[in-house]
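One structure is given here, and the rest of the page talks about it.
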Amino acid sequence: MKKLHVIGIIIIAVAIGVIFISLKNTSTYADFSEAISNPEKEYHVVGKLDKTQPQIYDPKINADQFMFNLIDNKGVSKQVVLHKSKPQDFEKSEQIVLIGKMEGNNFHANDILMKCPSKYNDGKPPMK
Amino acid sequence: MNDIQYTVERLWAGQLGNGFIVLSFVSAFLAFIAFYLSSKNSGYLKLARLAFNLHGFSVIGIAGTLFYMLFNHFFEYQYVWQHSNTEMDMKYILSCFWEGQEGSFLLWTFWNVVLGVILKHQLKNGDWEVPVMTIFSLVQVFLASMLLGVYVFDYKIGTNPFLLMKEHAEYSNLPFVLAAKYESTARGLNPLLMNYWMTIHPPTLFLGFSSTLIPFAFAIAALWNKKYNDWQRVALPWTYFGILILGIGILMGGAWAYEALSFGGFWAWDPVENSSLVPWLVLVAAGHTMIINKNKGGSLFTTHFLSIASFLLVLYSTFLTRSGVLGTSSVHAFTDLGMTGQLVIYVLAFIFITVALLINDKLFKVSYVVISFLLLFFGMLYGYKKILLMLWLGSSGIITFISYYLYFPKEKDEEELYSREFWMFLGSLVFLLSGLIITYFTSIPVINKLFNTEFAPPKVQVYNTWMIPFAILIMILIAASQFLKYKKTDPKKFFKRISYTFILAILFGTVCSIPLYFLSNSETKGIDKWDLISYSLLFITGLFAVLANLDYFLTVLKGKVSKSGAAVAHIGFALVLIGALISTSKKVTLAKNISDKKLSSLGKDFDDRESILLTQGDTLPMGPYLVVYKGKKREGINVFFTVDYFKLNKDNKPEFDFTLMPQIQDNPRMGQAAEPDTKHYLDRDIYTHITAADLNIDTTKKKDAFGSVKNYIGHVGDTIFSTNALVIIDSLRSNLSKAQYEKNDSLLEVTAVLRCVNTQAQSFVARPKFIIQNNVIIPKEDVVNELGLKFAFWKINPDDGTIEITMSEKLSNNKDFIVMKAFVFPYINVLWLGCLIMAIGTAIAIKERIRIFKVQS
């Protein structure tokens, strides 16, 4: 057996290993009900801002805590504690992805991704 | 502004542009056919060259027309309307050109034409001109079609940059379009992109993308002509050129992100970044196997595979970033322009061509072609597209490896373990494998679409953890391989030779990395032990790579510059990784140190307080600094925040150090965007950006007026909170005793002693009075000027012993504040220095390869 064949087999093994290990550990997109049923696991929850509920951000008390309500794709609204400062243009976001876990009745997120009007997306003209 | 009414639209411009577009497509097609035919009959060669030149001329014509329209504000055209306006600075007009998808495709096509014309000239009358230019022209046919914007059976091919506003489906019915008010509504370049990076980054990156086409065209041409051995020496300088330009383009993107965007670093493993990094990694691997092939022969299959893969990965990255498939996983992917299908077809078409050419057996080849087309028609007619696609991709992969075994020339004897080519080859495979893993991570949204899964894209840390072992391997290979000779080396000599630098690296690296990573340090506390070990291993091996290559340059090459390309580039690459490692792993969050509240009870992930609240005028400690937020000013759409940094001098007195002015762009198009400001030192950067602030600058406020009055009911000993102080009801003092009061009701005076303690623990006393004279209550106010607080004592409830006090604050007490993040990036200049050295090394190597090429031919 050639050395290169051994190396080839090692490479294939590493590639397959990466796929399996990363799929096992990766978090998945979910809704609140799934996050509630499995509070240990980290989830990506996709949803929209619940504009009927108040948003609480008081940087004087804690600049790294922002609370609001998110409606997930199934229509469930839950209070979210984001452990970051309030993102700019939060209200303008079309879609929000939160990364975190369920704790008690709140979803504690340590990161947020917002789908905003992208800088490449010239999208719709301002309606007049 | 007055609107110009366009009674006569300048239709000639669009007609001219569209004429060029059609011409460029037709001439590319003609060039493809004619070059193909001249492989059988050289009489077509003249026509082919002419057609390609015509294609080049028309592409320059498209670009020129579009540029003329932008420059002269032809706002009746949608592309001009959308990407420029009259108010913007004309120095950004080039950026308008490639802001949109159509323009960036045009830029890509343009660079291909430039490279194609040079290559055609270089290869003229040689063996490679016809096959290489056939492939080149075919790629140009595909690219030129991206601008066509024509419908074929309801299916749109390409998007056209010369569409009139009134022809555009989205805009044609809008009132301002019907009224032809184009100029005042023109949207213009996104202000966030108005900087010099937008002028230099896209052209460099696209030139890099274009240069991957050259090794690809050669490799495909070689498969087609079954001449696997001869092209590498021609393609090698071009491959190095691609490595240089694409590398610079990627690093420019990183520098842009670091300087002007608030990513909090220079590399975020964003899909858009990854999809330009992966073709570079594969191109670097291809460049190395080409050297093996040139110096020793062999590595043929790998060289072809890597050269083809690099270009296919550019196509794939175009698909990823422009089809909208990434969705929320990227902050800056393009949105879908309805070209997803087209992009997928292009990627698949080139895979198909590669595999079909790889098969040497006629029957086998024909059946592959026929089955592929059958699958395509079946998919179009009956669905099951995903399953068929995966089936086809899988079998194409298997066929690739079968044909490797059946048809490809192979080395007879096994590579020596102690030979340069063996370890160089291994390094190329490590590059390829790391590229494939990054591609896999980046493609998770695609995998979700194909398999209906819901996996989330991996975090930055996942990428770092996976890539560090590869980086360590590469560093060792970079350090050692140069000291091995091609074919065979005496292992004893080799180990002796590298042991000096190896021992030096281990000694120095260990001495440095123990205090860096293992002695208690706040910023490495949260990092896993294994990660810390891998960091220090990378540091040591990186140092080994630098020292060994320096040794090679000085003692083996004797400082001869012309031969030193590889050594210099390798030193540069090692420095890039060391710089990235230290500045990222030792990134200090300044704001963290001032917080006493720990969120660690919520788990490790939550222990990352990064933001600090700064009230105007207050001084707060932040790491080794004292910071003061002085104020803000607005310039156009940008709001600048002045933050002064002080340092304690020897006498423990604060001494002014520097000022940073991070800004927030109040972007009318996409809202607020923070732009950081960074203080550069030789050994570290201090980086500050604003995460939350009030952008309104209110100068009308009367600073001395008092705001609304609030009523407090309480006992002695209670505390009232104002925005800037604690107010404690210390005691009540009366001029009369209770008995005296009952006897004599003419005058009662009760004084409330209020102790006000501000945030600096300074104490002030307020004495509002409650006076009853002849049964009339006359409260007497008291003001604490230092704190801007006014108190009135107006009621005593004898039943429960409570008193009522009102407090009002000066409006100026509601001070402006900002929420800010600050980081220290230590030794980030090592990274930029490494980039520079790597670029210089690659440039030296290109020069040397061109010299060798000229000597040989």
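Residue numbering restarts at 1 in every chain; chains get A, B, ... in the order shown in the structure tokens, and ligands count up from 1 in that same order.
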In region 23-231 of chain B, DSSP helix (DSSP H, G or I) residues written as a PyMOL selection string: chain B and resi 23-38+42-71+78-83+90-97+101-123+129-145+165-167+175-178+191-193+196-211+213-225
Near-region 270-287 of chain B list (7 Å; only C-alpha atoms; drop same-chain fewer than 5 positions) as a ChimeraX atom specification: /B:236,239-240,243,246-247,250,303,306-307,310-311,313-314,317,321,330,333,428,431-432,435,438-439,442
Nearest to Asn105 (chain A), chosen from A:Ile36, A:Leu70, A:Ala30, A:Val76, with only C-alpha atoms counted in the distances: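 The closest residue to Asn105 (chain A) is A:Ile36.
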So that I can check the secondary structure, give me every residue of region 98-160 of chain B assigned strand (DSSP E or B) by backbone DSSP, as a PDB file with N, CA, C and O atoms, in the first residue's frame.
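File produced: states_29.pdb:
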ATOM      1  N   VAL B 150     -32.952  38.640 -21.233  1.00  0.00           N
ATOM      2  CA  VAL B 150     -33.998  38.268 -22.190  1.00  0.00           C
ATOM      3  C   VAL B 150     -34.780  37.070 -21.658  1.00  0.00           C
ATOM      4  O   VAL B 150     -34.299  36.319 -20.801  1.00  0.00           O
ATOM      5  N   TYR B 151     -35.976  36.920 -22.148  1.00  0.00           N
ATOM      6  CA  TYR B 151     -36.808  35.812 -21.711  1.00  0.00           C
ATOM      7  C   TYR B 151     -36.809  34.710 -22.747  1.00  0.00           C
ATOM      8  O   TYR B 151     -36.987  34.959 -23.932  1.00  0.00           O
ATOM      9  N   VAL B 152     -36.560  33.487 -22.287  1.00  0.00           N
ATOM     10  CA  VAL B 152     -36.667  32.329 -23.164  1.00  0.00           C
ATOM     11  C   VAL B 152     -37.700  31.413 -22.529  1.00  0.00           C
ATOM     12  O   VAL B 152     -37.479  30.899 -21.429  1.00  0.00           O
ATOM     13  N   TYR B 155     -38.552  32.057 -19.036  1.00  0.00           N
ATOM     14  CA  TYR B 155     -37.432  31.987 -18.114  1.00  0.00           C
ATOM     15  C   TYR B 155     -36.446  33.101 -18.427  1.00  0.00           C
ATOM     16  O   TYR B 155     -35.962  33.214 -19.544  1.00  0.00           O
ATOM     17  N   LYS B 156     -36.192  33.932 -17.408  1.00  0.00           N
ATOM     18  CA  LYS B 156     -35.351  35.092 -17.639  1.00  0.00           C
ATOM     19  C   LYS B 156     -33.881  34.695 -17.580  1.00  0.00           C
ATOM     20  O   LYS B 156     -33.441  34.025 -16.653  1.00  0.00           O
ATOM     21  N   ILE B 157     -33.129  35.121 -18.590  1.00  0.00           N
ATOM     22  CA  ILE B 157     -31.691  34.848 -18.581  1.00  0.00           C
ATOM     23  C   ILE B 157     -30.951  36.160 -18.336  1.00  0.00           C
ATOM     24  O   ILE B 157     -31.011  37.081 -19.147  1.00  0.00           O
TER      25      ILE B 157
END
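For the pair CA of Ile514 (chain B) and CA of Lys587 (chain B), the separation is 16.6 Å.
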Atom-to-atom span, CA of Gln79 (chain A) and CA of Gln55 (chain A), Å: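 For CA of Gln79 (chain A) relative to CA of Gln55 (chain A), the distance reads 9.5 Å.
The gap separating CA of Leu213 (chain B) from CA of Leu123 (chain B) is 15.3 Å, in Å to one decimal.
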Residue among A:Phe107, A:Glu42, A:Ser33, A:Lys86 lying closest to Pro59 (chain A), counting only C-alpha atoms: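 Distance minimum relative to Pro59 (chain A) lands on A:Lys86.
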